[in-house]
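Listing of input.cif; format and content: mmCIF, C-alpha atoms.
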data_upload
#
loop_
_atom_site.label_atom_id
_atom_site.label_comp_id
_atom_site.auth_asym_id
_atom_site.auth_seq_id
_atom_site.Cartn_x
_atom_site.Cartn_y
_atom_site.Cartn_z
CA MET A 215 -24.88 2.43 8.26
CA SER A 216 -23.73 5.32 6.10
CA THR A 217 -21.84 4.56 2.91
CA THR A 218 -21.07 8.15 1.93
CA THR A 219 -17.53 9.47 1.76
CA THR A 220 -16.01 12.81 2.57
CA ARG A 221 -13.24 14.64 0.78
CA GLY A 222 -9.79 13.39 1.60
CA LEU A 223 -6.19 13.27 0.53
CA LEU A 224 -6.96 10.19 -1.57
CA GLU A 225 -10.39 10.24 -3.20
CA VAL A 226 -11.73 7.35 -5.23
CA SER A 227 -15.12 7.89 -6.85
CA GLY A 228 -17.27 5.53 -8.92
CA LEU A 229 -14.40 3.21 -9.71
CA SER A 230 -15.35 0.34 -12.02
CA LYS A 231 -13.43 -2.42 -13.81
CA ALA A 232 -14.67 -5.49 -15.67
CA PHE A 233 -12.69 -8.43 -16.98
CA GLY A 234 -14.43 -10.41 -19.71
CA GLY A 235 -17.85 -9.25 -18.59
CA VAL A 236 -17.18 -9.94 -14.89
CA HIS A 237 -17.36 -6.78 -12.78
CA ALA A 238 -14.35 -7.03 -10.46
CA VAL A 239 -15.01 -3.52 -9.11
CA ASP A 240 -18.41 -1.90 -9.56
CA ASP A 241 -18.96 1.79 -8.75
CA PHE A 242 -16.73 1.74 -5.66
CA SER A 243 -15.96 4.97 -3.81
CA PHE A 244 -13.93 5.79 -0.73
CA ALA A 245 -11.85 8.60 0.70
CA ALA A 246 -8.88 8.69 3.05
CA LYS A 247 -8.07 11.90 4.89
CA PRO A 248 -4.53 13.14 5.65
CA GLY A 249 -3.06 10.98 8.41
CA GLU A 250 -5.98 8.55 8.38
CA ILE A 251 -5.62 4.74 8.41
CA VAL A 252 -8.30 3.15 6.26
CA GLY A 253 -8.97 -0.56 5.92
CA ILE A 254 -10.63 -2.25 2.96
CA ILE A 255 -11.98 -5.68 3.83
CA GLY A 256 -14.18 -8.30 2.20
CA PRO A 257 -14.30 -11.96 1.17
CA ASN A 258 -11.79 -13.46 -1.22
CA GLY A 259 -12.54 -12.30 -4.75
CA ALA A 260 -14.36 -9.18 -3.57
CA GLY A 261 -12.15 -6.91 -5.73
CA LYS A 262 -9.88 -5.45 -3.07
CA THR A 263 -6.53 -5.91 -4.83
CA THR A 264 -8.11 -4.79 -8.10
CA VAL A 265 -8.91 -1.48 -6.38
CA PHE A 266 -5.24 -1.07 -5.48
CA ASN A 267 -4.22 -1.97 -9.04
CA LEU A 268 -6.57 0.68 -10.39
CA VAL A 269 -5.32 3.34 -7.98
CA THR A 270 -1.66 2.63 -8.83
CA GLY A 271 -2.09 2.38 -12.60
CA VAL A 272 -1.58 -1.36 -13.02
CA TYR A 273 -5.03 -1.42 -14.65
CA ALA A 274 -6.91 1.37 -16.39
CA ALA A 275 -10.36 1.96 -14.93
CA ASP A 276 -13.41 1.54 -17.13
CA ARG A 277 -15.10 4.34 -15.21
CA GLY A 278 -14.47 6.51 -12.19
CA SER A 279 -11.81 8.84 -10.86
CA VAL A 280 -8.80 8.69 -8.55
CA LEU A 281 -7.55 11.95 -7.03
CA LEU A 282 -4.48 12.41 -4.86
CA ASP A 283 -4.45 15.79 -3.14
CA GLY A 284 -6.77 17.05 -5.88
CA VAL A 285 -4.60 15.75 -8.75
CA SER A 286 -6.09 13.12 -11.07
CA LEU A 287 -4.10 9.89 -11.34
CA CYS A 288 -6.24 8.38 -14.08
CA GLY A 289 -4.29 7.56 -17.23
CA ARG A 290 -0.90 8.00 -15.56
CA ARG A 291 1.90 5.46 -15.62
CA GLN A 292 2.82 3.57 -12.48
CA ASP A 293 6.08 5.49 -12.07
CA GLN A 294 4.26 8.81 -12.42
CA ILE A 295 1.78 7.78 -9.74
CA ALA A 296 4.65 6.82 -7.44
CA ARG A 297 6.22 10.21 -8.12
CA GLU A 298 2.98 11.90 -7.05
CA GLY A 299 3.32 10.20 -3.65
CA ILE A 300 1.75 6.74 -3.55
CA GLY A 301 3.86 3.89 -2.18
CA ARG A 302 2.73 0.28 -2.21
CA THR A 303 3.40 -3.24 -0.97
CA PHE A 304 1.97 -6.38 -2.54
CA GLN A 305 -0.02 -9.39 -1.38
CA ASN A 306 2.60 -11.63 -3.01
CA ILE A 307 5.95 -10.12 -2.07
CA ARG A 308 7.72 -8.52 -5.03
CA LEU A 309 11.41 -7.98 -4.37
CA PHE A 310 14.29 -7.82 -6.85
CA LYS A 311 16.28 -11.00 -6.33
CA GLY A 312 19.22 -9.72 -8.38
CA LEU A 313 19.75 -6.84 -5.94
CA ASN A 314 20.73 -6.82 -2.29
CA VAL A 315 18.54 -5.48 0.50
CA LEU A 316 19.82 -1.90 0.32
CA GLU A 317 19.61 -1.81 -3.48
CA ASN A 318 15.99 -2.97 -3.29
CA VAL A 319 15.15 0.06 -1.17
CA MET A 320 17.13 2.36 -3.46
CA THR A 321 15.03 1.34 -6.48
CA ALA A 322 12.23 3.45 -4.99
CA SER A 323 14.17 6.57 -5.98
CA ASP A 324 14.29 5.68 -9.69
CA PRO A 325 11.13 7.63 -10.67
CA THR A 326 12.55 10.81 -9.11
CA ALA A 327 16.22 10.40 -10.07
CA PRO A 328 17.82 13.85 -10.69
CA TYR A 329 20.05 12.59 -13.52
CA GLY A 330 19.50 11.52 -17.09
CA PHE A 331 20.05 8.39 -19.15
CA PHE A 332 23.65 9.16 -20.12
CA SER A 333 24.65 10.04 -16.56
CA ALA A 334 23.40 6.64 -15.49
CA ILE A 335 25.09 4.74 -18.32
CA LEU A 336 28.42 6.55 -17.90
CA SER A 337 28.22 6.81 -14.10
CA LEU A 338 28.81 10.55 -14.19
CA PRO A 339 29.16 12.62 -10.98
CA ALA A 340 25.43 13.40 -10.83
CA LYS A 341 24.67 9.67 -10.79
CA ARG A 342 27.33 8.82 -8.19
CA GLY A 343 26.30 11.67 -5.90
CA SER A 344 22.65 10.71 -6.11
CA ASP A 345 23.48 7.07 -5.36
CA ARG A 346 25.39 8.05 -2.21
CA GLN A 347 22.48 10.14 -0.98
CA GLU A 348 19.93 7.42 -1.76
CA ALA A 349 22.08 4.78 -0.05
CA LYS A 350 22.17 6.92 3.09
CA LYS A 351 18.40 7.33 3.00
CA GLY A 352 17.96 3.63 2.29
CA ARG A 353 19.93 2.69 5.40
CA GLU A 354 17.74 5.02 7.46
CA TYR A 355 14.56 3.35 6.21
CA LEU A 356 16.00 -0.11 6.82
CA SER A 357 16.80 0.97 10.37
CA LEU A 358 13.24 2.21 10.86
CA VAL A 359 11.80 -1.22 10.00
CA GLY A 360 14.42 -3.15 11.99
CA LEU A 361 16.67 -4.36 9.18
CA SER A 362 19.92 -2.58 10.05
CA GLY A 363 22.98 -4.70 9.35
CA LEU A 364 21.30 -6.61 6.53
CA GLU A 365 22.05 -4.12 3.74
CA ASP A 366 24.24 -6.56 1.78
CA ALA A 367 21.99 -9.61 2.22
CA ARG A 368 19.96 -11.05 -0.62
CA PRO A 369 16.22 -10.57 -0.07
CA GLU A 370 15.44 -14.22 -0.84
CA SER A 371 17.71 -15.26 2.05
CA LEU A 372 15.62 -13.33 4.59
CA PRO A 373 12.83 -14.91 6.65
CA TYR A 374 9.38 -14.14 5.31
CA GLY A 375 8.59 -11.58 7.99
CA MET A 376 11.75 -9.64 7.18
CA GLN A 377 10.87 -9.66 3.49
CA ARG A 378 7.60 -7.99 4.42
CA LYS A 379 9.54 -5.33 6.32
CA LEU A 380 11.84 -4.82 3.32
CA GLU A 381 8.84 -4.15 1.08
CA LEU A 382 7.62 -1.61 3.63
CA ALA A 383 11.03 0.10 3.73
CA ARG A 384 10.98 0.38 -0.06
CA ALA A 385 7.50 1.94 0.04
CA LEU A 386 8.73 4.45 2.64
CA ALA A 387 11.68 5.42 0.46
CA ILE A 388 9.56 7.29 -2.09
CA GLY A 389 8.50 9.73 0.64
CA PRO A 390 4.82 8.84 0.21
CA LYS A 391 1.75 10.86 1.01
CA VAL A 392 -0.21 7.59 0.94
CA ILE A 393 0.94 4.00 1.48
CA LEU A 394 -1.16 1.11 0.17
CA LEU A 395 -0.57 -2.16 2.04
CA ASP A 396 -1.98 -5.27 0.37
CA GLU A 397 -2.48 -7.99 3.01
CA PRO A 398 0.73 -7.00 4.85
CA ALA A 399 0.22 -9.59 7.61
CA ALA A 400 -0.24 -12.53 5.20
CA GLY A 401 2.09 -15.38 6.13
CA LEU A 402 3.13 -13.88 9.45
CA ASN A 403 2.94 -15.87 12.67
CA PRO A 404 1.05 -14.41 15.67
CA SER A 405 4.11 -12.76 17.24
CA GLU A 406 5.12 -11.28 13.88
CA VAL A 407 1.59 -9.92 13.44
CA ARG A 408 1.78 -8.10 16.78
CA GLU A 409 5.24 -6.79 15.88
CA PHE A 410 3.93 -5.60 12.52
CA ILE A 411 1.02 -3.74 14.13
CA ASP A 412 3.44 -1.99 16.49
CA LEU A 413 5.77 -1.12 13.58
CA VAL A 414 3.01 0.44 11.49
CA GLN A 415 1.76 2.43 14.47
CA ARG A 416 5.28 3.76 15.15
CA LEU A 417 5.83 4.71 11.51
CA HIS A 418 2.44 6.37 11.31
CA GLU A 419 3.12 8.36 14.46
CA ARG A 420 6.47 9.51 13.07
CA PHE A 421 5.46 10.37 9.48
CA ASN A 422 1.68 10.85 9.77
CA PHE A 423 1.13 9.63 6.22
CA THR A 424 -2.18 8.21 5.09
CA ILE A 425 -2.41 4.42 5.05
CA VAL A 426 -4.91 2.33 3.11
CA PHE A 427 -4.64 -1.39 3.71
CA ILE A 428 -6.29 -4.65 2.69
CA GLU A 429 -6.28 -7.35 5.36
CA HIS A 430 -8.10 -10.51 6.39
CA ARG A 431 -6.68 -10.80 9.89
CA MET A 432 -9.09 -9.05 12.19
CA GLU A 433 -6.42 -8.36 14.82
CA VAL A 434 -4.71 -6.08 12.31
CA VAL A 435 -7.96 -4.56 11.07
CA MET A 436 -9.30 -3.69 14.52
CA ASN A 437 -6.01 -2.38 15.91
CA LEU A 438 -4.95 -0.20 12.99
CA SER A 439 -7.94 1.17 11.12
CA HIS A 440 -9.71 4.44 11.83
CA LYS A 441 -12.33 3.65 9.19
CA LEU A 442 -13.37 0.55 7.26
CA PHE A 443 -14.86 0.01 3.82
CA VAL A 444 -16.34 -3.40 3.05
CA LEU A 445 -16.34 -4.78 -0.49
CA SER A 446 -18.55 -7.64 -1.64
CA PHE A 447 -18.62 -8.76 -5.28
CA GLY A 448 -16.92 -5.53 -6.26
CA LYS A 449 -19.51 -3.28 -4.62
CA LEU A 450 -19.38 -1.23 -1.44
CA LEU A 451 -21.36 -3.14 1.17
CA ALA A 452 -20.77 -0.91 4.20
CA SER A 453 -18.44 1.66 5.68
CA GLY A 454 -17.83 3.22 9.07
CA GLU A 455 -15.80 2.90 12.24
CA PRO A 456 -14.35 -0.58 12.90
CA LEU A 457 -16.66 -1.60 15.73
CA GLU A 458 -19.68 -0.34 13.85
CA VAL A 459 -18.72 -2.32 10.76
CA ARG A 460 -17.85 -5.43 12.72
CA HIS A 461 -21.34 -5.64 14.20
CA ASN A 462 -23.17 -4.94 10.94
CA PRO A 463 -25.31 -8.05 10.17
CA GLU A 464 -24.66 -7.80 6.41
CA VAL A 465 -20.92 -7.67 7.00
CA ILE A 466 -21.04 -10.61 9.40
CA GLU A 467 -22.92 -12.65 6.82
CA ALA A 468 -20.67 -11.65 3.91
CA TYR A 469 -17.29 -11.74 5.56
CA ILE A 470 -16.57 -11.59 9.25
CA GLY A 471 -18.73 -14.58 10.02
CA GLU A 472 -16.38 -16.66 7.90
CA GLU A 473 -13.42 -15.91 10.12
CA ASP A 474 -12.32 -18.34 12.84
#

Let me see the structure of the file written as structure tokens.
Amino acid sequence: MSTTTTRGLLEVSGLSKAFGGVHAVDDFSFAAKPGEIVGIIGPNGAGKTTVFNLVTGVYAADRGSVLLDGVSLCGRRQDQIAREGIGRTFQNIRLFKGLNVLENVMTASDPTAPYGFFSAILSLPAKRGSDRQEAKKGREYLSLVGLSGLEDARPESLPYGMQRKLELARALAIGPKVILLDEPAAGLNPSEVREFIDLVQRLHERFNFTIVFIEHRMEVVMNLSHKLFVLSFGKLLASGEPLEVRHNPEVIEAYIGEED
């Protein structure tokens, strides 16, 4: 099976990160083309979430490069990377409990706010006008993920599946070129998983953004991904089309064979 990559909208090359001498990610490369849905799979501890943290600036890479549409993201702050067009959800849901549902979505606009510090502090017209526009957009994104009517609710009061949708709405609100989904089906029941797959497919059809996701549930992996990359102990084990990867003996031994 080929493990080479081709140029894409998001290009990760030779990415490496060690923690205390342990190589969490070791010379990992992948590419995602415009409009492509790419899955990254592998056993627990393979380094998948670390890859996302390196791409989004949570960690600085020891070696390697990350390019978005030809622009290097290495050394940039998380807010700068979001401004370039990368949205993200998290394996462990991260919502702002002090804000309501709509305000959580509106936080996505902070890196690109068209007003300065004093406008925000003094609530000047530029700030108020921007807030009205972002609230309108936020309601549209909530509608797209099926959360209309819940704008004033507290995120912690929502069922788990709705919290997942709220995170997705917030990722959409930055107007991303690429969305990174970290185990988006974790904690969902079987009917919620099917609903989530349908939702992602509808959003992808509408916006045609690139999606890179990490997932253990093979129903999600096989239904969504155009291409798969398999990590094992931080290294690329295999890559290719989903059916090709699924029947690879090394992949079966390292990962898929562990699934029920």

Would you kindly translate the PyMOL selection byres ((chain A and resi 310) around 10) into the concrete residues it picks from this file, as number ranges by chain? A: 307-309, 311-315, 317-319, 321, 368-370

Among the residues A:Gly278, A:Gly448, A:Gly259, A:Gly352, the one that comes closest to Leu229 (chain A) [using only C-alpha atoms]: A:Gly278

Take the PyMOL selection byres ((chain A and resi 286-297) around 6), apply it to the structure above, and return the hits as a JSON list (two decimals) with C-alpha atoms, keeping the file's coordinate frame.
[["chain", "number", "residue", "atom", "x", "y", "z"],
["A", 270, "THR", "CA", -1.66, 2.63, -8.83],
["A", 271, "GLY", "CA", -2.09, 2.38, -12.60],
["A", 280, "VAL", "CA", -8.80, 8.69, -8.55],
["A", 281, "LEU", "CA", -7.55, 11.95, -7.03],
["A", 285, "VAL", "CA", -4.60, 15.75, -8.75],
["A", 298, "GLU", "CA", 2.98, 11.90, -7.05],
["A", 299, "GLY", "CA", 3.32, 10.20, -3.65],
["A", 300, "ILE", "CA", 1.75, 6.74, -3.55],
["A", 325, "PRO", "CA", 11.13, 7.63, -10.67]]

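Here CA of Val269 (chain A) stands at a distance of 22.4 Å from CA of Val434 (chain A).
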
Excluding Leu395 (chain A) and its own-chain neighbours fewer than 6 positions away, which residues fall within 6 Å of it when counting only C-alpha atoms? Please give them as a ChimeraX atom specification. /A:302-303,427

Save out the residues we just selected, C-alpha atoms, as a PDB file, in the frame of the given file.
ATOM      1  CA  ARG A 302       2.730   0.280  -2.210  1.00  0.00           C
ATOM      2  CA  THR A 303       3.400  -3.240  -0.970  1.00  0.00           C
ATOM      3  CA  PHE A 427      -4.640  -1.390   3.710  1.00  0.00           C
TER       4      PHE A 427
END

Separation of CA of Leu223 (chain A) from CA of Asp283 (chain A) in Å: 4.8 Å

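Residues matched by the PyMOL selection byres ((chain A and resi 421) around 10) in this structure: Gly249, Leu386, Gly389, Pro390, Lys391, Arg416, Leu417, His418, Glu419, Arg420, Asn422, Phe423 and Thr424 of chain A.
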
Would you pick out the contacts of Phe304 (chain A) at 12 Å or less, using all atoms listed in the file, so that residues sharing its chain but fewer than 4 positions from it are not included, and give the list as a PyMOL selection string? chain A and resi 262-264+266-267+270+308-309+377-382+384-385+393-400+427-429

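Between CA of Gly228 (chain A) and CA of Asn258 (chain A) the separation is 21.2 Å.
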
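Proximity ranking of A:Gln347, A:Gly363, A:Lys247, A:Phe443 relative to Val265 (chain A) places A:Phe443 first, based on all atoms listed in the file.
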
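Minimum distance to Leu364 (chain A) across A:Leu316, A:Leu457, A:Leu402, A:Val407 (counting all atoms listed in the file) occurs at A:Leu316.
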
Closest of A:Phe244, A:Phe410, A:Tyr273, A:Tyr374 to Ala232 (chain A), counting only C-alpha atoms, is A:Tyr273

Residue neighbourhood Leu451 (chain A), 9 Å, all atoms listed in the file, exclusion window fewer than 6 positions, as a short mmCIF file (atom, residue, chain, number, x, y, z; two decimals) with C-alpha atoms, in the frame of the given file:
data_model
loop_
_atom_site.label_atom_id
_atom_site.label_comp_id
_atom_site.auth_asym_id
_atom_site.auth_seq_id
_atom_site.Cartn_x
_atom_site.Cartn_y
_atom_site.Cartn_z
CA THR A 217 -21.84 4.56 2.91
CA GLY A 256 -14.18 -8.30 2.20
CA PHE A 443 -14.86 0.01 3.82
CA VAL A 444 -16.34 -3.40 3.05
CA LEU A 445 -16.34 -4.78 -0.49
CA GLU A 464 -24.66 -7.80 6.41
CA VAL A 465 -20.92 -7.67 7.00
CA ALA A 468 -20.67 -11.65 3.91
#

Excluding Ala238 (chain A) and its own-chain neighbours fewer than 2 positions away, which residues fall within 7 Å of it when counting all atoms listed in the file? Please give them as a VMD selection string. chain A and resid 231 to 233 236 240 261 447 to 448

Kindly indicate which residue among A:Ala245, A:Val252, A:Leu372, A:Ala260 lies nearest to Glu455 (chain A), using only C-alpha atoms for the distances. A:Val252

Would it be fine to have region 399-415 of chain A, with N, CA and C atoms, given as a PDB file, in the first residue's frame?
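Written out: part.pdb:
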ATOM      1  N   ALA A 399     -17.806  11.442  17.168  1.00  0.00           N
ATOM      2  CA  ALA A 399     -18.899  10.535  17.510  1.00  0.00           C
ATOM      3  C   ALA A 399     -18.738   9.913  18.892  1.00  0.00           C
ATOM      4  N   ALA A 400     -17.693  10.321  19.632  1.00  0.00           N
ATOM      5  CA  ALA A 400     -17.470   9.770  20.968  1.00  0.00           C
ATOM      6  C   ALA A 400     -18.652  10.093  21.873  1.00  0.00           C
ATOM      7  N   GLY A 401     -19.169   9.088  22.551  1.00  0.00           N
ATOM      8  CA  GLY A 401     -20.267   9.296  23.488  1.00  0.00           C
ATOM      9  C   GLY A 401     -21.647   9.317  22.875  1.00  0.00           C
ATOM     10  N   LEU A 402     -21.733   9.198  21.553  1.00  0.00           N
ATOM     11  CA  LEU A 402     -23.037   9.214  20.895  1.00  0.00           C
ATOM     12  C   LEU A 402     -23.615   7.801  20.840  1.00  0.00           C
ATOM     13  N   ASN A 403     -24.937   7.716  20.942  1.00  0.00           N
ATOM     14  CA  ASN A 403     -25.582   6.412  20.793  1.00  0.00           C
ATOM     15  C   ASN A 403     -25.732   6.100  19.297  1.00  0.00           C
ATOM     16  N   PRO A 404     -26.111   4.871  18.946  1.00  0.00           N
ATOM     17  CA  PRO A 404     -26.139   4.496  17.525  1.00  0.00           C
ATOM     18  C   PRO A 404     -26.997   5.401  16.648  1.00  0.00           C
ATOM     19  N   SER A 405     -28.161   5.828  17.135  1.00  0.00           N
ATOM     20  CA  SER A 405     -28.998   6.709  16.308  1.00  0.00           C
ATOM     21  C   SER A 405     -28.361   8.079  16.159  1.00  0.00           C
ATOM     22  N   GLU A 406     -27.686   8.559  17.206  1.00  0.00           N
ATOM     23  CA  GLU A 406     -26.998   9.847  17.126  1.00  0.00           C
ATOM     24  C   GLU A 406     -25.806   9.761  16.175  1.00  0.00           C
ATOM     25  N   VAL A 407     -25.146   8.614  16.136  1.00  0.00           N
ATOM     26  CA  VAL A 407     -24.030   8.438  15.200  1.00  0.00           C
ATOM     27  C   VAL A 407     -24.517   8.549  13.761  1.00  0.00           C
ATOM     28  N   ARG A 408     -25.616   7.884  13.448  1.00  0.00           N
ATOM     29  CA  ARG A 408     -26.163   7.960  12.086  1.00  0.00           C
ATOM     30  C   ARG A 408     -26.591   9.385  11.754  1.00  0.00           C
ATOM     31  N   GLU A 409     -27.192  10.068  12.724  1.00  0.00           N
ATOM     32  CA  GLU A 409     -27.602  11.458  12.518  1.00  0.00           C
ATOM     33  C   GLU A 409     -26.390  12.348  12.286  1.00  0.00           C
ATOM     34  N   PHE A 410     -25.314  12.080  13.041  1.00  0.00           N
ATOM     35  CA  PHE A 410     -24.098  12.872  12.884  1.00  0.00           C
ATOM     36  C   PHE A 410     -23.493  12.675  11.498  1.00  0.00           C
ATOM     37  N   ILE A 411     -23.438  11.441  11.027  1.00  0.00           N
ATOM     38  CA  ILE A 411     -22.906  11.163   9.691  1.00  0.00           C
ATOM     39  C   ILE A 411     -23.700  11.930   8.644  1.00  0.00           C
ATOM     40  N   ASP A 412     -25.018  11.892   8.747  1.00  0.00           N
ATOM     41  CA  ASP A 412     -25.870  12.619   7.797  1.00  0.00           C
ATOM     42  C   ASP A 412     -25.605  14.122   7.869  1.00  0.00           C
ATOM     43  N   LEU A 413     -25.442  14.654   9.087  1.00  0.00           N
ATOM     44  CA  LEU A 413     -25.204  16.083   9.274  1.00  0.00           C
ATOM     45  C   LEU A 413     -23.894  16.505   8.611  1.00  0.00           C
ATOM     46  N   VAL A 414     -22.839  15.765   8.855  1.00  0.00           N
ATOM     47  CA  VAL A 414     -21.548  16.110   8.265  1.00  0.00           C
ATOM     48  C   VAL A 414     -21.612  16.041   6.739  1.00  0.00           C
ATOM     49  N   GLN A 415     -22.286  15.042   6.225  1.00  0.00           N
ATOM     50  CA  GLN A 415     -22.416  14.932   4.770  1.00  0.00           C
ATOM     51  C   GLN A 415     -23.189  16.110   4.189  1.00  0.00           C
TER      52      GLN A 415
END
